[in-house]
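Here is the file my_file00.pdb (PDB, C-alpha atoms).
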```pdb
ATOM      1  CA  CYS A   1      12.538  20.136 -11.029
ATOM      2  CA  ILE A   2      11.313  18.426  -7.861
ATOM      3  CA  ASN A   3       8.437  16.791  -9.755
ATOM      4  CA  PHE A   4      10.865  15.112 -12.149
ATOM      5  CA  LEU A   5      13.120  13.914  -9.337
ATOM      6  CA  LEU A   6      10.215  12.515  -7.297
ATOM      7  CA  SER A   7       8.640  10.902 -10.369
ATOM      8  CA  THR A   8      11.903   9.277 -11.440
ATOM      9  CA  ALA A   9      12.577   7.916  -7.956
ATOM     10  CA  GLN A  10       8.996   6.664  -7.595
ATOM     11  CA  HIS A  11       9.124   5.009 -11.033
ATOM     12  CA  ASN A  12      12.363   3.205 -10.173
ATOM     13  CA  VAL A  13      10.991   1.872  -6.874
ATOM     14  CA  PHE A  14       7.611   1.024  -8.465
ATOM     15  CA  GLN A  15       9.263  -1.037 -11.236
ATOM     16  CA  TYR A  16      11.313  -3.005  -8.724
ATOM     17  CA  LEU A  17       8.326  -3.606  -6.457
ATOM     18  CA  SER A  18       6.084  -4.583  -9.381
ATOM     19  CA  SER A  19       8.533  -7.222 -10.548
ATOM     20  CA  ARG A  20       8.974  -8.679  -7.060
ATOM     21  CA  LEU A  21       5.232  -8.756  -6.240
ATOM     22  CA  SER A  22       4.248 -10.209  -9.617
ATOM     23  CA  GLU A  23       5.257 -13.722  -8.551
ATOM     24  CA  TYR A  24       2.392 -13.523  -6.034
ATOM     25  CA  GLY A  25      -0.070 -12.007  -8.503
ATOM     26  CA  VAL A  26      -0.137  -8.740  -6.550
ATOM     27  CA  THR A  27       0.405  -5.169  -7.759
ATOM     28  CA  PRO A  28       1.925  -2.348  -5.682
ATOM     29  CA  ALA A  29      -1.533  -0.745  -5.349
ATOM     30  CA  GLN A  30      -2.971  -4.055  -4.146
ATOM     31  CA  TYR A  31      -0.104  -4.346  -1.669
ATOM     32  CA  GLY A  32      -1.188  -0.972  -0.260
ATOM     33  CA  VAL A  33      -4.705  -2.293   0.343
ATOM     34  CA  MET A  34      -3.367  -5.556   1.762
ATOM     35  CA  SER A  35      -1.147  -3.632   4.154
ATOM     36  CA  CYS A  36      -4.169  -1.696   5.426
ATOM     37  CA  LEU A  37      -6.142  -4.914   5.877
ATOM     38  CA  TRP A  38      -3.275  -6.674   7.653
ATOM     39  CA  ARG A  39      -3.135  -3.805  10.100
ATOM     40  CA  TYR A  40      -6.848  -3.071  10.619
ATOM     41  CA  ARG A  41      -8.537  -6.292   9.369
ATOM     42  CA  ASP A  42     -11.869  -4.632   8.555
ATOM     43  CA  LEU A  43     -12.294  -1.292   6.761
ATOM     44  CA  THR A  44     -14.676   0.581   4.505
ATOM     45  CA  PRO A  45     -13.531   1.484   0.993
ATOM     46  CA  LYS A  46     -13.573   5.135   2.084
ATOM     47  CA  GLN A  47     -11.210   4.394   4.977
ATOM     48  CA  ILE A  48      -8.850   2.539   2.629
ATOM     49  CA  GLY A  49      -8.861   5.504   0.252
ATOM     50  CA  GLU A  50      -8.066   7.898   3.083
ATOM     51  CA  LEU A  51      -5.217   5.734   4.384
ATOM     52  CA  LEU A  52      -3.680   5.397   0.909
ATOM     53  CA  HIS A  53      -4.530   8.917  -0.320
ATOM     54  CA  LEU A  54      -6.496   7.496  -3.268
ATOM     55  CA  GLU A  55      -9.678   8.642  -4.977
ATOM     56  CA  ALA A  56     -12.818   6.547  -4.482
ATOM     57  CA  SER A  57     -12.854   5.481  -8.149
ATOM     58  CA  SER A  58      -9.276   4.177  -7.875
ATOM     59  CA  VAL A  59     -10.054   2.266  -4.691
ATOM     60  CA  SER A  60     -13.156   0.743  -6.255
ATOM     61  CA  GLY A  61     -11.205  -0.671  -9.202
ATOM     62  CA  ILE A  62      -8.432  -2.046  -7.010
ATOM     63  CA  LEU A  63     -10.937  -3.705  -4.657
ATOM     64  CA  GLU A  64     -12.844  -5.232  -7.588
ATOM     65  CA  ARG A  65      -9.698  -6.849  -9.010
ATOM     66  CA  MET A  66      -8.613  -8.044  -5.576
ATOM     67  CA  GLN A  67     -11.998  -9.590  -4.864
ATOM     68  CA  ASN A  68     -11.917 -11.354  -8.242
ATOM     69  CA  ASN A  69      -8.491 -12.770  -7.302
ATOM     70  CA  GLY A  70      -9.691 -14.013  -3.914
ATOM     71  CA  LEU A  71      -7.651 -11.482  -1.935
ATOM     72  CA  LEU A  72     -10.500  -9.829  -0.058
ATOM     73  CA  GLU A  73     -14.146 -10.059   0.848
ATOM     74  CA  ARG A  74     -16.658  -7.238   0.639
ATOM     75  CA  ASN A  75     -19.694  -7.583   2.882
ATOM     76  CA  VAL A  76     -22.586  -5.399   3.916
ATOM     77  CA  ASP A  77     -21.979  -3.756   7.287
ATOM     78  CA  PRO A  78     -24.495  -5.378   9.678
ATOM     79  CA  GLU A  79     -24.710  -2.148  11.692
ATOM     80  CA  ASN A  80     -25.374   0.077   8.672
ATOM     81  CA  ARG A  81     -26.567  -1.765   5.585
ATOM     82  CA  ARG A  82     -25.621   1.204   3.371
ATOM     83  CA  ASN A  83     -21.929   0.599   4.093
ATOM     84  CA  ILE A  84     -19.609  -2.071   2.730
ATOM     85  CA  ARG A  85     -16.873  -3.577   4.894
ATOM     86  CA  VAL A  86     -13.691  -4.959   3.334
ATOM     87  CA  SER A  87     -11.715  -7.726   5.024
ATOM     88  CA  PRO A  88      -8.764  -9.925   4.016
ATOM     89  CA  THR A  89      -9.211 -13.515   2.942
ATOM     90  CA  GLN A  90      -7.057 -16.326   4.294
ATOM     91  CA  LYS A  91      -5.106 -16.148   1.023
ATOM     92  CA  THR A  92      -4.160 -12.531   1.808
ATOM     93  CA  LEU A  93      -3.236 -13.397   5.381
ATOM     94  CA  ASP A  94      -1.077 -16.281   4.128
ATOM     95  CA  LEU A  95       0.785 -13.940   1.734
ATOM     96  CA  GLN A  96       1.686 -11.473   4.494
ATOM     97  CA  PRO A  97       5.070 -12.928   5.575
ATOM     98  CA  ALA A  98       6.417 -13.290   2.023
ATOM     99  CA  ILE A  99       5.243  -9.868   0.884
ATOM    100  CA  GLU A 100       6.450  -8.110   4.012
ATOM    101  CA  LYS A 101       9.863  -9.712   3.394
ATOM    102  CA  ILE A 102       9.883  -8.203  -0.123
ATOM    103  CA  ILE A 103       8.987  -4.777   1.294
ATOM    104  CA  LEU A 104      11.763  -4.987   3.891
ATOM    105  CA  GLU A 105      14.293  -6.022   1.225
ATOM    106  CA  MET A 106      13.157  -3.208  -1.076
ATOM    107  CA  ASN A 107      13.421  -0.620   1.700
ATOM    108  CA  GLN A 108      16.921  -1.831   2.538
ATOM    109  CA  LEU A 109      17.999  -1.807  -1.115
ATOM    110  CA  VAL A 110      16.656   1.701  -1.731
ATOM    111  CA  MET A 111      18.189   3.153   1.423
ATOM    112  CA  GLU A 112      21.543   1.321   1.465
ATOM    113  CA  PRO A 113      23.552   4.192  -0.133
ATOM    114  CA  PHE A 114      22.553   6.505   2.739
ATOM    115  CA  THR A 115      23.657   6.816   6.356
ATOM    116  CA  GLN A 116      21.028   6.250   9.042
ATOM    117  CA  GLU A 117      20.789  10.002   9.576
ATOM    118  CA  GLN A 118      20.226  10.572   5.848
ATOM    119  CA  GLN A 119      17.611   7.795   5.761
ATOM    120  CA  ASP A 120      15.738   9.410   8.641
ATOM    121  CA  GLN A 121      15.887  12.788   6.892
ATOM    122  CA  ILE A 122      14.620  11.317   3.607
ATOM    123  CA  ARG A 123      11.667   9.727   5.399
ATOM    124  CA  ARG A 124      10.870  12.962   7.251
ATOM    125  CA  SER A 125      11.154  15.017   4.068
ATOM    126  CA  LEU A 126       8.932  12.713   2.030
ATOM    127  CA  THR A 127       6.376  12.673   4.849
ATOM    128  CA  VAL A 128       6.266  16.469   4.907
ATOM    129  CA  ILE A 129       5.906  16.654   1.117
ATOM    130  CA  GLY A 130       3.213  13.947   1.115
ATOM    131  CA  ASN A 131       1.172  15.602   3.855
ATOM    132  CA  ARG A 132       1.303  19.188   2.588
ATOM    133  CA  GLU A 133      -1.641  20.769   0.852
ATOM    134  CA  LEU A 134      -0.069  22.545  -2.134
ATOM    135  CA  ALA A 135      -3.188  23.953  -3.753
TER     136      ALA A 135
END
```
Structure encoded using structure tokens:
Amino acid sequence: CINFLLSTAQHNVFQYLSSRLSEYGVTPAQYGVMSCLWRYRDLTPKQIGELLHLEASSVSGILERMQNNGLLERNVDPENRRNIRVSPTQKTLDLQPAIEKIILEMNQLVMEPFTQEQQDQIRRSLTVIGNRELA
């Protein structure tokens, strides 16, 4: 069953990543948000949800915990006061090199049993599965 295989693989990677990020007080979901903020610097919660393929309620909870931990700031958009803008704090920017090193090491560890051609095919296949509308 493809669901079982994907779930098992995801669980294995998630457990490894959780243990490595925990020393920085960051969860894998929070890393996803941080990665978006490192790349774009300033986003709305809706944009973060779209980038990470998460529901608004999930994003809201993640952002709340991150703000409480000093990892991001939420401010009213000066151009449209109905919108909130999310930006990284200096703490989040300072964590970037160490966390990106963990991500690189994890990617290398996960992919090391495969040839470069197989790695490329795995990435392409997972991208297709992730981007398909199955319903």
Subject >> Nearest-residue call for A:Asn68, choices A:Lys101, A:Asn131, A:Asn83, A:Gly25, using all atoms listed in the file >> reply: A:Gly25
Original post:
Near A:Gly70, counting all atoms listed in the file, which residues have an atom at most 10 Å away, once you skip same-chain residues fewer than 5 positions from it, shown as a PyMOL selection string?
Top reply: chain A and resi 65+88-92
Subject >> Polymer residues at most 10 Å from (6.9, 15.0, -2.2) by only C-alpha atoms, as a PyMOL selection string >> reply: chain A and resi 2-3+5-7+125-132
Subject >> Pick from A:Ala9, A:Leu51, A:Leu43, A:Leu63 nearest to A:Thr27, counting all atoms listed in the file >> reply: A:Leu63
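A straight line drawn from atom CA of A:Asn12 to atom CA of A:Arg39 is 26.5 Å long.
Residues selected in this file by the PyMOL selection byres ((chain A and resi 20) around 12) comprise Val13, Phe14, Gln15, Tyr16, Leu17, Ser18, Ser19, Leu21, Ser22, Glu23, Tyr24, Gly25, Val26, Thr27, Pro28, Tyr31, Ala98, Ile99, Glu100, Lys101, Ile102, Ile103, Leu104, Glu105 and Met106 of chain A.
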Subject >> Shortest interatomic distance to A:Arg85 - which of A:Thr8, A:Asn69, A:Gln30, A:Thr44, counting all atoms listed in the file >> reply: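 Nearest to A:Arg85: A:Thr44.
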Subject >> the PyMOL selection byres ((chain A and resi 56-59) around 10) applied to the shown file, residues as a ChimeraX atom specification >> reply: /A:29-30,33,45-50,52-55,60-64
Would you mind exporting C-alpha atoms of the selected residues as a PDB file, in the coordinates of the input?
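Contents of out_10.pdb, as written:
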```pdb
ATOM      1  CA  ALA A  29      -1.533  -0.745  -5.349  1.00  0.00           C
ATOM      2  CA  GLN A  30      -2.971  -4.055  -4.146  1.00  0.00           C
ATOM      3  CA  VAL A  33      -4.705  -2.293   0.343  1.00  0.00           C
ATOM      4  CA  PRO A  45     -13.531   1.484   0.993  1.00  0.00           C
ATOM      5  CA  LYS A  46     -13.573   5.135   2.084  1.00  0.00           C
ATOM      6  CA  GLN A  47     -11.210   4.394   4.977  1.00  0.00           C
ATOM      7  CA  ILE A  48      -8.850   2.539   2.629  1.00  0.00           C
ATOM      8  CA  GLY A  49      -8.861   5.504   0.252  1.00  0.00           C
ATOM      9  CA  GLU A  50      -8.066   7.898   3.083  1.00  0.00           C
ATOM     10  CA  LEU A  52      -3.680   5.397   0.909  1.00  0.00           C
ATOM     11  CA  HIS A  53      -4.530   8.917  -0.320  1.00  0.00           C
ATOM     12  CA  LEU A  54      -6.496   7.496  -3.268  1.00  0.00           C
ATOM     13  CA  GLU A  55      -9.678   8.642  -4.977  1.00  0.00           C
ATOM     14  CA  SER A  60     -13.156   0.743  -6.255  1.00  0.00           C
ATOM     15  CA  GLY A  61     -11.205  -0.671  -9.202  1.00  0.00           C
ATOM     16  CA  ILE A  62      -8.432  -2.046  -7.010  1.00  0.00           C
ATOM     17  CA  LEU A  63     -10.937  -3.705  -4.657  1.00  0.00           C
ATOM     18  CA  GLU A  64     -12.844  -5.232  -7.588  1.00  0.00           C
TER      19      GLU A  64
END
```
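Note that atom CA of A:Asn107 and atom CA of A:Leu72 are 25.7 Å apart.
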Subject >> Interatomic distance, atom CA of A:Met34 to atom CA of A:Asn75 (Å, one decimal) >> reply: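 If I compute the distance from atom CA of A:Met34 to atom CA of A:Asn75, I get 16.5 Å.
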